[in-house]
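Note: the block below is structure33.txt and it holds compact mmCIF, C-alpha atoms.
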# COMPACT_ATOMS: atom_id res chain seq x y z
CA MET A 293 -46.05 40.52 34.17
CA LEU A 294 -47.74 37.23 33.31
CA ALA A 295 -51.07 39.03 32.99
CA ASP A 296 -49.63 41.01 30.09
CA GLU A 297 -48.69 37.92 28.09
CA GLY A 298 -52.22 37.30 26.80
CA GLU A 299 -54.06 34.01 26.95
CA CYS A 300 -52.28 31.28 28.89
CA ARG A 301 -53.01 27.67 28.00
CA VAL A 302 -52.51 24.95 30.57
CA GLN A 303 -52.01 21.37 29.45
CA VAL A 304 -52.46 18.40 31.72
CA GLY A 305 -51.24 14.92 30.95
CA ARG A 306 -48.73 12.21 31.75
CA LEU A 307 -45.61 10.77 30.23
CA ASP A 308 -45.90 7.74 27.99
CA SER A 309 -44.91 4.49 29.67
CA GLU A 310 -41.82 4.50 27.45
CA VAL A 311 -39.99 7.82 27.12
CA HIS A 312 -37.21 8.35 24.55
CA LEU A 313 -34.76 11.04 25.58
CA PRO A 314 -31.72 12.43 23.74
CA GLY A 315 -28.24 11.79 25.10
CA GLU A 316 -27.78 15.42 26.12
CA TRP A 317 -30.74 15.02 28.48
CA ILE A 318 -28.23 13.94 31.13
CA ASN A 319 -26.79 17.47 30.98
CA ALA A 320 -30.21 18.82 31.90
CA LEU A 321 -30.50 16.27 34.71
CA VAL A 322 -27.18 17.39 36.18
CA GLY A 323 -28.37 20.99 35.87
CA PHE A 324 -31.61 20.16 37.68
CA ILE A 325 -29.72 18.55 40.57
CA GLY A 326 -27.47 21.61 40.77
CA SER A 327 -30.49 23.92 40.86
CA VAL A 328 -31.88 22.10 43.91
CA LEU A 329 -28.69 22.37 45.96
CA PRO A 330 -28.97 25.97 47.29
CA GLY A 331 -32.62 25.59 48.29
CA TRP A 332 -31.75 22.43 50.19
CA ARG A 333 -28.80 24.00 51.98
CA ASP A 334 -30.75 27.15 52.91
CA ASP A 335 -33.98 25.40 53.94
CA PRO A 336 -34.70 26.68 57.48
CA ARG A 337 -36.41 23.37 58.29
CA ARG A 338 -33.30 21.35 57.46
CA PRO A 339 -31.60 20.02 60.60
CA ALA A 340 -27.98 21.14 60.87
CA ARG A 341 -25.69 18.26 59.97
CA THR A 342 -22.03 17.97 58.98
CA GLY A 343 -21.49 14.25 58.32
CA GLU A 344 -21.46 13.01 54.73
CA ASP A 345 -24.07 10.29 55.22
CA ALA A 346 -26.51 12.60 56.98
CA LEU A 347 -26.08 15.35 54.38
CA THR A 348 -26.56 12.93 51.50
CA ALA A 349 -29.69 11.45 53.10
CA GLN A 350 -31.11 14.97 53.45
CA LEU A 351 -30.22 15.85 49.87
CA CYS A 352 -31.80 12.64 48.58
CA ALA A 353 -35.05 13.52 50.34
CA LYS A 354 -34.97 17.08 48.96
CA LEU A 355 -34.30 15.89 45.40
CA ALA A 356 -37.15 13.39 45.63
CA SER A 357 -39.55 16.14 46.73
CA ALA A 358 -38.28 18.63 44.16
CA SER A 359 -38.57 16.19 41.25
CA ARG A 360 -42.06 15.14 42.26
CA HIS A 361 -43.27 18.75 42.21
CA THR A 362 -41.34 19.97 39.15
CA PRO A 363 -42.97 19.40 35.74
CA GLY A 364 -40.68 17.44 33.47
CA TRP A 365 -38.80 15.76 36.33
CA ASP A 366 -41.64 13.96 38.08
CA PHE A 367 -40.80 10.60 36.48
CA LEU A 368 -37.59 10.23 38.50
CA GLN A 369 -36.68 8.77 41.85
CA PHE A 370 -33.57 9.23 43.98
CA ARG A 371 -32.14 6.41 46.09
CA ARG A 372 -29.40 6.09 48.72
CA GLU A 373 -26.71 3.42 48.97
CA GLU A 374 -27.74 1.71 45.74
CA PRO A 375 -25.72 -1.43 44.82
CA ASP A 376 -23.46 -0.76 41.85
CA ALA A 377 -24.76 -2.36 38.67
CA ALA A 378 -21.48 -4.16 37.95
CA ASP A 379 -20.46 -5.02 41.52
CA SER A 380 -23.29 -5.29 44.04
CA ARG A 381 -20.77 -5.43 46.90
CA ARG A 382 -20.15 -1.73 46.34
CA ALA A 383 -22.78 0.93 47.01
CA ILE A 384 -23.39 4.20 45.17
CA ASP A 385 -23.97 7.16 47.52
CA LEU A 386 -26.85 8.55 45.47
CA ALA A 387 -28.55 7.08 42.40
CA VAL A 388 -31.08 8.52 39.98
CA ALA A 389 -33.56 6.09 38.40
CA PRO A 390 -36.91 6.21 36.56
CA SER A 391 -40.09 5.98 38.60
CA GLY A 392 -43.01 4.24 36.93
CA SER A 393 -41.62 4.80 33.43
CA VAL A 394 -39.29 3.10 31.00
CA ILE A 395 -36.70 5.56 29.71
CA TRP A 396 -34.58 5.08 26.58
CA ILE A 397 -31.39 7.09 26.12
CA GLU A 398 -29.32 6.50 22.98
CA GLY A 399 -30.80 3.05 22.50
CA ARG A 400 -30.35 1.90 26.09
CA GLU A 401 -33.34 0.97 28.24
CA TYR A 402 -33.69 2.12 31.84
CA THR A 403 -36.43 0.90 34.16
CA GLU A 404 -36.93 1.58 37.84
CA TYR A 405 -34.39 -1.17 38.47
CA GLN A 406 -31.57 0.55 36.54
CA THR A 407 -29.56 3.60 37.57
CA LEU A 408 -29.58 6.53 35.16
CA LEU A 409 -26.83 8.48 36.90
CA PRO A 410 -24.56 7.26 39.73
CA ILE A 411 -23.42 9.99 42.11
CA GLU A 412 -20.64 9.95 44.70
CA CYS A 413 -20.67 12.53 47.53
CA LYS A 414 -17.65 13.83 49.45
CA ARG A 415 -16.81 16.51 51.99
CA LEU A 416 -14.18 19.18 51.39
CA PRO A 417 -11.99 19.15 53.38
CA THR A 418 -11.74 15.43 54.09
CA PRO A 419 -12.38 14.77 57.79
CA THR A 420 -9.24 13.96 59.73
CA GLY A 421 -8.86 10.46 61.10
CA HIS A 422 -6.96 7.20 61.04
CA LYS A 423 -6.04 6.33 57.48
CA ARG A 424 -7.87 9.33 55.99
CA ASP A 425 -6.11 10.92 53.02
CA GLU A 426 -6.68 14.68 52.62
CA ARG A 427 -6.97 14.06 48.85
CA GLU A 428 -9.86 11.64 49.36
CA TYR A 429 -12.16 13.56 47.01
CA LEU A 430 -9.78 12.38 44.31
CA TYR A 431 -7.69 9.51 45.65
CA SER A 432 -6.72 7.70 48.84
CA ARG A 433 -3.35 6.07 49.36
CA PHE A 434 -4.83 3.92 52.14
CA SER A 435 -7.80 2.31 50.38
CA THR A 436 -10.18 2.43 47.40
CA THR A 437 -12.30 5.16 49.04
CA GLY A 438 -11.06 7.94 46.76
CA GLY A 439 -14.13 9.47 45.12
CA VAL A 440 -12.87 10.10 41.59
CA GLN A 441 -10.58 7.07 41.79
CA ARG A 442 -13.59 4.79 42.23
CA PHE A 443 -14.92 5.87 38.85
CA LYS A 444 -11.52 5.86 37.17
CA ALA A 445 -10.82 2.30 38.32
CA GLY A 446 -14.31 1.09 37.42
CA HIS A 447 -15.24 0.32 41.03
CA HIS A 448 -18.25 2.58 40.50
CA GLY A 449 -20.25 3.20 37.35
CA SER A 450 -18.32 0.89 35.02
CA VAL A 451 -21.43 0.30 32.89
CA HIS A 452 -22.15 4.04 32.61
CA ASP A 453 -20.88 6.75 30.26
CA ARG A 454 -21.75 9.53 32.73
CA ALA A 455 -21.47 9.93 36.48
CA ALA A 456 -21.34 12.79 38.95
CA MET A 457 -19.60 13.94 42.12
CA ILE A 458 -21.15 16.26 44.70
CA ALA A 459 -18.84 18.11 47.08
CA TYR A 460 -20.04 19.57 50.37
CA VAL A 461 -17.57 22.46 50.76
CA GLN A 462 -17.39 23.05 54.52
CA GLU A 463 -14.29 25.25 54.71
CA ARG A 464 -12.77 27.79 52.29
CA ASP A 465 -14.48 28.58 49.00
CA ILE A 466 -14.95 26.80 45.70
CA PRO A 467 -12.27 28.63 43.65
CA SER A 468 -9.59 27.81 46.25
CA TRP A 469 -10.58 24.14 46.23
CA ALA A 470 -10.41 24.06 42.42
CA VAL A 471 -6.79 25.23 42.69
CA GLN A 472 -6.06 22.74 45.48
CA LEU A 473 -7.36 19.75 43.52
CA ASP A 474 -5.29 20.73 40.49
CA GLU A 475 -2.21 20.79 42.74
CA TRP A 476 -3.04 17.33 44.09
CA ILE A 477 -3.46 16.02 40.55
CA ASP A 478 -0.03 17.45 39.66
CA GLY A 479 1.33 15.58 42.67
CA LEU A 480 -0.31 12.30 41.68
CA GLU A 481 1.16 12.66 38.20
CA SER A 482 4.66 13.49 39.45
CA ASP A 483 4.52 10.51 41.83
CA ASP A 484 3.63 8.26 38.88
CA VAL A 485 0.37 7.11 40.47
CA GLU A 486 -1.18 4.83 37.87
CA GLY A 487 -3.88 6.39 35.72
CA TRP A 488 -3.42 10.00 36.83
CA SER A 489 -2.25 12.86 34.62
CA ALA A 490 -2.78 16.56 33.99
CA ALA A 491 -5.73 15.56 31.78
CA ASP A 492 -7.64 14.77 34.99
CA LYS A 493 -7.74 18.41 36.07
CA LEU A 494 -11.18 19.93 36.58
CA SER A 495 -12.61 22.70 34.43
CA LEU A 496 -14.73 25.24 36.28
CA LEU A 497 -17.74 25.65 33.99
CA VAL A 498 -19.87 27.94 36.13
CA TYR A 499 -19.53 29.47 39.59
CA ASP A 500 -22.33 31.55 41.06
CA PRO A 501 -21.08 33.42 44.15
CA PRO A 502 -24.56 34.47 45.37
CA SER A 503 -25.78 30.87 45.54
CA ARG A 504 -22.27 29.52 46.31
CA VAL A 505 -22.71 26.64 43.87
CA ALA A 506 -20.39 25.60 41.04
CA GLY A 507 -20.39 23.14 38.18
CA LEU A 508 -17.15 21.53 37.03
CA THR A 509 -16.32 18.74 34.64
CA SER A 510 -13.48 16.40 33.83
CA ALA A 511 -13.00 13.52 31.40
CA HIS A 512 -11.48 10.54 33.14
CA ALA A 513 -10.13 7.81 30.87
CA ARG A 514 -10.51 4.29 32.19
CA SER A 515 -8.97 1.10 30.87
CA SER A 516 -9.95 0.20 27.31
CA ALA A 517 -12.02 -2.68 28.66
CA LEU A 518 -14.16 -0.25 30.64
CA GLY A 519 -14.35 2.59 28.16
CA GLY A 520 -14.36 6.28 29.00
CA ILE A 521 -16.56 8.16 31.42
CA ARG A 522 -17.50 11.80 31.78
CA LEU A 523 -17.61 12.88 35.38
CA ASP A 524 -19.57 16.02 36.23
CA HIS A 525 -18.88 17.80 39.52
CA LEU A 526 -21.35 19.87 41.53
CA TRP A 527 -19.90 21.76 44.48
CA ILE A 528 -21.85 23.66 47.11
CA GLU A 529 -20.43 25.84 49.87
CA MET A 530 -22.18 24.82 53.06

Would you mind writing the file's structure down as structure tokens?
Amino acid sequence: MLADEGECRVQVGRLDSEVHLPGEWINALVGFIGSVLPGWRDDPRRPARTGEDALTAQLCAKLASASRHTPGWDFLQFRREEPDAADSRRAIDLAVAPSGSVIWIEGREYTEYQTLLPIECKRLPTPTGHKRDEREYLYSRFSTTGGVQRFKAGHHGSVHDRAAMIAYVQERDIPSWAVQLDEWIDGLESDDVEGWSAADKLSLLVYDPPSRVAGLTSAHARSSALGGIRLDHLWIEM
């Protein structure tokens, strides 16, 4: 019990206008986003939606509220359809940025005008439709709409070392989708699709059946001109 812990000291204050954070802080940010997912999904006040745009708009609102009321995360903001830093013609589904603070990570400055972490959101399975590829979470043979492919090709996040994918799992469970994506990656490799290999397979880092949320990661090599990127994956069974 808290009452048994002795004297409790409460400190009140605010972050400096310029905050220096270690590089591994992004890991904690990804973990914070993952921790918000089940509460958002299970919120009885949340209107039932299935479309990607509607779900992402809801999640953005929930993350904004959660960060504002969680000590240590209240200097962040979450934005929808943010123009990509390298190509403003392309929009990021969900972007994390500072709010009222200047943040430094490994010598790089981020203000409220710069994205800390670009996030792409996709449904699993991919909705059926004209020119929709079932592998769209990874790759689309019809267009550049493949989620992971956008990061691999530098269409999204080319100025970033880290990015994330969120999957709204609407059928089946997370372990079965992890197997399915590995099979698709094997197929892309065997078909000699440029840039794809077994190295792109996802590693399931943590899967919590009670909350039906998982964290996965994969290292996707881009062209030498773009440098590498680490892509973290957060999946939630809806």

Given the choices A:Gly507, A:Glu426, A:Ile411, A:Ile521, which gets closest to A:His452 if the distance is worked out from only C-alpha atoms? A:Ile521

Exercise: A:Glu404 partners within 6 Å, all atoms listed in the file, chain neighbours under 3 positions left out, as a list of chain:residue names: A:Ala389, A:Pro390, A:Ser391

Find the spatial neighbours of stretch 326-341 of chain A, counting all atoms listed in the file, within a cut-off of 8 Å - ignore same-chain residues fewer than 5 positions away - and output them as a ChimeraX atom specification. /A:346-347,350-351,354-355,358,503-505,507,526,528,530

Leaving out A:Ile397 and any residue of its chain fewer than 6 positions from it, which residues lie within 6 Å of it when counting all atoms listed in the file, given as a ChimeraX atom specification? /A:313-315

Write out as a tab-separated table the residues of stretch 325-415 of chain A that have any atom within 6 Å of an atom of stretch 458-476 of chain A, one row each with the nearest atom pair and its distance in Å to one decimal, counting all atoms listed in the file, sorted by chain and then rising number.
residue	atom	partner	partner_atom	distance
A:Cys413	CA	A:Ile458	CA	4.7
A:Lys414	CA	A:Ala459	CA	5.0
A:Arg415	CA	A:Tyr460	CA	4.7

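Relative to atom CA of A:Ala491, atom CA of A:Ala445 is found at 15.6 Å.
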
As number ranges by chain, please: the residues near A:Ala383 (cut-off 9 Å, all atoms listed in the file, same-chain neighbours under 3 positions excluded). A: 372-376, 379-380, 386, 448

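Taking atom CA of A:Trp488 and atom CA of A:Thr407 as the two end points, the separation is 26.9 Å.
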
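One finds atom CA of A:Arg400 at 16.8 Å from atom CA of A:Gly520.
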
Residue nearest A:Arg381 - candidates A:Asp484, A:His447, A:Val311, A:Ile395, atoms counted: only C-alpha atoms: A:His447

For A:Gly439, which of A:Ala353, A:Leu523, A:Val394, A:Ala320 is the closest residue, counting all atoms listed in the file?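 Once distances to A:Gly439 are computed over all atoms listed in the file, the minimum belongs to A:Leu523.
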
Exercise: residues within 10 Å of coordinate (-12.6, 25.1, 34.2), counting all atoms listed in the file, as a list in words: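 Residues found, by chain and rising number: Ala470, Lys493, Leu494, Ser495, Leu496, Leu497, Val498, Tyr499, Gly507, Leu508, Thr509 and Ser510 of chain A.
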
Reconstruct stretch 434-452 of chain A at the level of N, CA, C and O atoms, and format the result as an mmCIF file, in the frame of the given file.
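What landed in result17.cif:
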data_model
loop_
_atom_site.group_PDB
_atom_site.id
_atom_site.type_symbol
_atom_site.label_atom_id
_atom_site.label_comp_id
_atom_site.auth_asym_id
_atom_site.auth_seq_id
_atom_site.Cartn_x
_atom_site.Cartn_y
_atom_site.Cartn_z
ATOM 1 N N PHE A 434 -4.591 4.973 51.154
ATOM 2 C CA PHE A 434 -4.830 3.920 52.140
ATOM 3 C C PHE A 434 -5.826 2.867 51.672
ATOM 4 O O PHE A 434 -5.823 1.739 52.171
ATOM 5 N N SER A 435 -6.723 3.223 50.741
ATOM 6 C CA SER A 435 -7.800 2.310 50.380
ATOM 7 C C SER A 435 -8.375 2.702 49.022
ATOM 8 O O SER A 435 -7.824 3.547 48.320
ATOM 9 N N THR A 436 -9.503 2.098 48.665
ATOM 10 C CA THR A 436 -10.180 2.430 47.400
ATOM 11 C C THR A 436 -11.305 3.436 47.625
ATOM 12 O O THR A 436 -12.239 3.508 46.825
ATOM 13 N N THR A 437 -11.223 4.229 48.708
ATOM 14 C CA THR A 437 -12.300 5.160 49.040
ATOM 15 C C THR A 437 -12.216 6.489 48.300
ATOM 16 O O THR A 437 -13.076 7.345 48.465
ATOM 17 N N GLY A 438 -11.155 6.697 47.510
ATOM 18 C CA GLY A 438 -11.060 7.940 46.760
ATOM 19 C C GLY A 438 -12.240 8.112 45.828
ATOM 20 O O GLY A 438 -12.578 7.205 45.059
ATOM 21 N N GLY A 439 -12.901 9.276 45.882
ATOM 22 C CA GLY A 439 -14.130 9.470 45.120
ATOM 23 C C GLY A 439 -13.959 9.328 43.627
ATOM 24 O O GLY A 439 -14.593 8.499 42.978
ATOM 25 N N VAL A 440 -13.087 10.160 43.037
ATOM 26 C CA VAL A 440 -12.870 10.100 41.590
ATOM 27 C C VAL A 440 -12.196 8.775 41.216
ATOM 28 O O VAL A 440 -12.521 8.169 40.194
ATOM 29 N N GLN A 441 -11.281 8.310 42.073
ATOM 30 C CA GLN A 441 -10.580 7.070 41.790
ATOM 31 C C GLN A 441 -11.534 5.891 41.606
ATOM 32 O O GLN A 441 -11.303 4.993 40.788
ATOM 33 N N ARG A 442 -12.614 5.878 42.364
ATOM 34 C CA ARG A 442 -13.590 4.790 42.230
ATOM 35 C C ARG A 442 -14.139 4.705 40.815
ATOM 36 O O ARG A 442 -14.330 3.621 40.275
ATOM 37 N N PHE A 443 -14.411 5.865 40.225
ATOM 38 C CA PHE A 443 -14.920 5.870 38.850
ATOM 39 C C PHE A 443 -13.819 5.563 37.856
ATOM 40 O O PHE A 443 -14.041 4.835 36.883
ATOM 41 N N LYS A 444 -12.628 6.092 38.096
ATOM 42 C CA LYS A 444 -11.520 5.860 37.170
ATOM 43 C C LYS A 444 -11.164 4.379 37.112
ATOM 44 O O LYS A 444 -10.840 3.851 36.047
ATOM 45 N N ALA A 445 -11.196 3.706 38.256
ATOM 46 C CA ALA A 445 -10.820 2.300 38.320
ATOM 47 C C ALA A 445 -11.963 1.367 37.948
ATOM 48 O O ALA A 445 -11.762 0.155 37.855
ATOM 49 N N GLY A 446 -13.163 1.930 37.752
ATOM 50 C CA GLY A 446 -14.310 1.090 37.420
ATOM 51 C C GLY A 446 -14.970 0.450 38.607
ATOM 52 O O GLY A 446 -15.853 -0.404 38.445
ATOM 53 N N HIS A 447 -14.584 0.854 39.844
ATOM 54 C CA HIS A 447 -15.240 0.320 41.030
ATOM 55 C C HIS A 447 -16.676 0.832 41.133
ATOM 56 O O HIS A 447 -17.538 0.184 41.726
ATOM 57 N N HIS A 448 -16.909 2.001 40.583
ATOM 58 C CA HIS A 448 -18.250 2.580 40.500
ATOM 59 C C HIS A 448 -18.544 2.942 39.043
ATOM 60 O O HIS A 448 -17.670 3.448 38.330
ATOM 61 N N GLY A 449 -19.774 2.692 38.626
ATOM 62 C CA GLY A 449 -20.250 3.200 37.350
ATOM 63 C C GLY A 449 -19.579 2.631 36.117
ATOM 64 O O GLY A 449 -19.564 3.293 35.070
ATOM 65 N N SER A 450 -19.050 1.415 36.179
ATOM 66 C CA SER A 450 -18.320 0.890 35.020
ATOM 67 C C SER A 450 -19.207 0.614 33.817
ATOM 68 O O SER A 450 -18.708 0.495 32.705
ATOM 69 N N VAL A 451 -20.517 0.531 34.022
ATOM 70 C CA VAL A 451 -21.430 0.300 32.890
ATOM 71 C C VAL A 451 -22.045 1.614 32.415
ATOM 72 O O VAL A 451 -22.943 1.596 31.562
ATOM 73 N N HIS A 452 -21.568 2.738 32.943
ATOM 74 C CA HIS A 452 -22.150 4.040 32.610
ATOM 75 C C HIS A 452 -21.148 4.889 31.821
ATOM 76 O O HIS A 452 -19.933 4.761 31.991
#
